[in-house]
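Undergrad: Below is the structure I would like to discuss, written out as structure tokens.
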Amino acid sequence: MGAASLIVLILAAIAFSAGAILIAKVVTKATKNKQKAEPYESGIPTRGPSWVQFNVGYYLFALLFLIFDVELIFLYPWAVAAKKVGLLALVEIIIFFFILFMGFLYAHKKGALKWK
Amino acid sequence: MEITQILFWFLSVLAVFGALMMVTSKNPVYSVLWLIVVFFAISGHYILLNAQFLAIVNIIVYAGAIMVLFLFVIMLMNLNAETEPQKNKWLKIAGVVAGCSLMLVFVAALRQSDELLKAPVSMGGETGLIKTLGKTLFTDYVLPFEISSVLFLSAMVGAVVIGKKGD
Amino acid sequence: MWSLSNIAANIDQWLNANMSPTWALIVEMVIAGVAVIGLFAALGLVLVIMERKVSAWIQIRLGPNRVGPKGMLQSLADTLKLLVKEGMTPGGADKLLFNVAPFVAMIVAMLLLAPIAFAKDFQLWDLNIGVLYISAVSSISVISILMAGWASNNKYSLLGAMRSGAQIVSYELSAGLAVLAIVVLTGSLRISDIIQAQENGWWLFKGHIPVIIAFIIFIIAVTAETNRAPFDLAEAESELTAGFHTEYSGMKFALFFLAEYVNVFIVCAIGATLFLGGWMPFHIGNWHAFNGVMDWIPSSVWFFGKTFFLIFVIMWFRWTFPRLRIDQLLNLEWKYLLPISMFNLLLVTLIAIMGWHF
């Protein structure tokens, strides 16, 4: 059906979710009280704000992921062309991976891939 | 109006609206989410131009990777509306001047677009396709490709150095 | 012959004969929309009962057996129960994002259906970069999780969301590299080309050991990407209650739950398409008689059979492996899977270029 299917799928997803939530809203009876609206923390009252600061490790992994993701993007056109370009493509990608692998080894050596 | 034209206008309005909302949102998480909307609208434009590969790359790299990084950073630093530092007045003025200069450059560049439209560059429908891209990239432009891996290497070293600074 | 593509072609013909082309297109779009919604609902019902029955079978117990014959209507009853539950929003939550997040999760799950070939010539959009499209759209699912976790204003939710974010993005890399192995062998990103290339045998059998390694890495990576056990530490019940959807209830929770199961179906469908030939029947080289018998089974049966087999394998994992800790999880990806899959890709490339595969 072509690109039009994207519009169909998005509309279908919205219709499905909205329909389900609306039906649920009609058939349920909502009650309000103060305790109910509190955040769930295993029964005890919440201490401090819920938006707390996080371990910096997440940031480092996200940054490394970004670099590898961009590298992966380069590999898609390469993978399509690899068979036609022949052995040259293999040599090219070995050099590419080798340089990247140095960075990987550096990160490993510095302990960046270790979770703390 | 044709369906592609309707889509073009819809996506354009969405992109501009998303960009405005991104700038004016008080909460940084909202800003990031509006930026994602902008990227999607731009990817839609790429699809209309039959450059599917570019559209997908835009989504993977910007909406998928960079925005996740941004969200991580914002959630990590706990940058919520109340904690956002108030900017200096001079900084605001400098921002306005810089923005206006950029706007001027864009307007100057777009003034010629009427003439460009009269003589559309014919590149065939194949240019944006991944097969063509792969072949050119890995035969004619091998050296820049290999050098880009050095760029990745330096980015990785930089990331490790910054991330490990604290300890 | 009776097949899904014939039915689609007949409907298309009939509509074009009786209506103007614009209306025919609109009616077709409506039919497609209703069909995918039906598929979603059916998948949700089937996969939930399948999960419960498989886990019961592995743990030597009966599982749900009261509602309907052999308990087969249990998930329908569960859906009804969820429908009458109040879908509340916590007081401190960010109301807008809290309510938008389930929609985003559903839209992402739905968009992933576009390039999947359910049967011979039965595909919504056979775009020329189908594989890339799937990895792009699935990378968006992180955003819905981060959105839900952040908007809930709950420590469990935020911690769960950050964990699944780190996990999904990490395992995306090795899943991508495993997929690239097949792209190198086929030389195309189009789903139909990849399936056609497996006419004389599936890649899992044709590509020697490197493709088997790629398949194993793919299965591990998608198990992690769909946040399923043993990688379900994002919603580890014993420590984080329910992870990013702790605060969700009623239908909004059901939507996340459904999106999760549909994502499992989709990644298994991709795995079946790339490594097990999608709808392509089991063929052995030039054995025409054998191939003819295999062709007699409808292509949709092949596709769903392979997909559900992979789903079964992923459900099996859940009751076989203990849950990983987050440092073990990231170690597994960054120290083992990523280097192995990079090296493996080089081996596959060598095989593809030298033409050593069958």
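Lettering and numbering for the structure tokens are positional, with chains as A, B, ... in the shown order, residues counted from 1 in each chain, and ligands counted from 1 in the shown order.
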What lies within 7 Å of segment 24-35 of chain A using only C-alpha atoms, ignoring chain neighbours under 4 positions off, as a list in words?
TA: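 Here the answer would be Ala20 of chain A; Leu83, Val84, Lys85, Glu86 and Met251 of chain C.
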Undergrad: Convert the current residue selection to file output with C-alpha atoms, as a PDB file, in the first residue's frame.
TA:
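And here is the file that came out, selection26.pdb:
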ATOM      1  CA  ALA A  20      -9.976   1.569  24.928  1.00  0.00           C
TER       2      ALA A  20
ATOM      3  CA  LEU C  83     -11.584  -2.483  31.370  1.00  0.00           C
ATOM      4  CA  VAL C  84     -13.611  -1.888  34.512  1.00  0.00           C
ATOM      5  CA  LYS C  85     -10.631  -0.771  36.592  1.00  0.00           C
ATOM      6  CA  GLU C  86     -10.256   2.911  37.207  1.00  0.00           C
ATOM      7  CA  MET C 251      -6.585   0.609  30.461  1.00  0.00           C
TER       8      MET C 251
END
Undergrad: Can you build me a table of chain B residues sitting at most 7 Å from chain C, with the closest atom pair per residue and its distance in Å to one decimal, using only C-alpha atoms, sorted by chain and residue number, as CSV?
TA:
residue,atom,partner,partner_atom,distance
B:Ile56,CA,C:Ala136,CA,6.2
B:Ile59,CA,C:Ala136,CA,6.2
B:Ile60,CA,C:Ala136,CA,4.8
B:Gly64,CA,C:Ser139,CA,5.2
B:Val68,CA,C:Ile143,CA,6.8
Undergrad: Output N, CA and C atoms for every residue in the selection just made, as a short mmCIF file (atom, residue, chain, number, x, y, z; two decimals), in the first residue's frame.
TA:
data_model
loop_
_atom_site.label_atom_id
_atom_site.label_comp_id
_atom_site.auth_asym_id
_atom_site.auth_seq_id
_atom_site.Cartn_x
_atom_site.Cartn_y
_atom_site.Cartn_z
N ILE B 56 15.29 7.95 7.61
CA ILE B 56 15.49 6.94 8.65
C ILE B 56 16.70 7.28 9.50
N ILE B 59 15.88 9.82 11.97
CA ILE B 59 15.15 9.30 13.12
C ILE B 59 16.08 8.52 14.04
N ILE B 60 16.92 7.65 13.46
CA ILE B 60 17.77 6.81 14.32
C ILE B 60 18.72 7.68 15.13
N GLY B 64 16.31 8.94 17.98
CA GLY B 64 16.55 7.73 18.76
C GLY B 64 17.73 7.83 19.70
N VAL B 68 17.66 10.59 23.28
CA VAL B 68 17.71 9.74 24.47
C VAL B 68 18.84 10.21 25.39
#
Undergrad: For chain C against chain A, which residues fall within 6 Å using only C-alpha atoms, given as a PyMOL selection string?
TA: chain C and resi 33+83-84+86+90-91+106-107+110-111+124-125+153-155+183-184+187-188+251+327+353
Undergrad: Which residues of chain B are close to chain A, meaning at most 8 Å apart when you count only C-alpha atoms, and how do they look as a PDB file with C-alpha atoms, in the first residue's frame?
TA:
ATOM      1  CA  VAL B  57      18.983   8.103   9.593  1.00  0.00           C
ATOM      2  CA  VAL B  61      20.510   9.303  15.107  1.00  0.00           C
ATOM      3  CA  ALA B  65      20.069   8.351  20.022  1.00  0.00           C
ATOM      4  CA  ILE B  66      20.784  12.020  20.646  1.00  0.00           C
ATOM      5  CA  VAL B  68      17.712   9.735  24.475  1.00  0.00           C
ATOM      6  CA  LEU B  69      21.085  11.111  25.549  1.00  0.00           C
ATOM      7  CA  PHE B  72      19.223  10.976  30.198  1.00  0.00           C
ATOM      8  CA  VAL B  73      21.223  14.105  30.921  1.00  0.00           C
ATOM      9  CA  MET B  75      16.919  13.328  34.162  1.00  0.00           C
ATOM     10  CA  LEU B  76      20.403  12.773  35.552  1.00  0.00           C
ATOM     11  CA  MET B  77      21.000  16.368  36.437  1.00  0.00           C
ATOM     12  CA  ASN B  78      17.435  16.705  37.658  1.00  0.00           C
ATOM     13  CA  ILE B 130      20.877   3.449  -0.178  1.00  0.00           C
ATOM     14  CA  LYS B 131      22.317   1.383  -3.033  1.00  0.00           C
ATOM     15  CA  LEU B 133      24.951   5.851  -1.588  1.00  0.00           C
ATOM     16  CA  GLY B 134      26.736   2.653  -0.593  1.00  0.00           C
ATOM     17  CA  LYS B 135      28.433   2.298  -3.949  1.00  0.00           C
ATOM     18  CA  LEU B 137      30.718   5.940  -0.454  1.00  0.00           C
ATOM     19  CA  PHE B 138      32.771   2.789  -0.673  1.00  0.00           C
ATOM     20  CA  THR B 139      34.407   3.289  -4.037  1.00  0.00           C
ATOM     21  CA  VAL B 142      36.731   5.579   0.814  1.00  0.00           C
ATOM     22  CA  GLU B 146      38.053   5.811   6.896  1.00  0.00           C
ATOM     23  CA  SER B 149      36.450   6.422  11.966  1.00  0.00           C
ATOM     24  CA  VAL B 150      39.288   8.498  13.434  1.00  0.00           C
ATOM     25  CA  PHE B 152      34.676   8.327  16.107  1.00  0.00           C
ATOM     26  CA  LEU B 153      37.856   7.321  17.924  1.00  0.00           C
ATOM     27  CA  SER B 154      38.463  10.833  19.171  1.00  0.00           C
ATOM     28  CA  ALA B 155      34.799  11.161  20.178  1.00  0.00           C
ATOM     29  CA  MET B 156      35.044   7.958  22.142  1.00  0.00           C
ATOM     30  CA  VAL B 157      38.230   9.029  23.902  1.00  0.00           C
ATOM     31  CA  ALA B 159      33.522  10.668  26.104  1.00  0.00           C
ATOM     32  CA  VAL B 160      35.613   8.417  28.317  1.00  0.00           C
ATOM     33  CA  GLY B 163      32.818  10.573  31.945  1.00  0.00           C
ATOM     34  CA  LYS B 164      35.722   9.445  34.100  1.00  0.00           C
TER      35      LYS B 164
END
Undergrad: Do a neighbour search on segment 216-227 of chain C at 6 Å with only C-alpha atoms, toss out local chain neighbours closer than 2 positions, and write the hits as a PyMOL selection string.
TA: chain C and resi 168+171+175+178+213-214+231-232
Undergrad: What does the structure give for the distance between atom CA of Ala55 of chain B and atom CA of Ile191 of chain C, in Å to one decimal?
TA: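 Those two atoms sit 18.2 Å apart.
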Undergrad: Please indicate the distance in Å from atom CA of Phe39 of chain B to atom CA of Ala15 of chain B, rounded to one decimal place.
TA: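 Those two atoms sit 7.7 Å apart.
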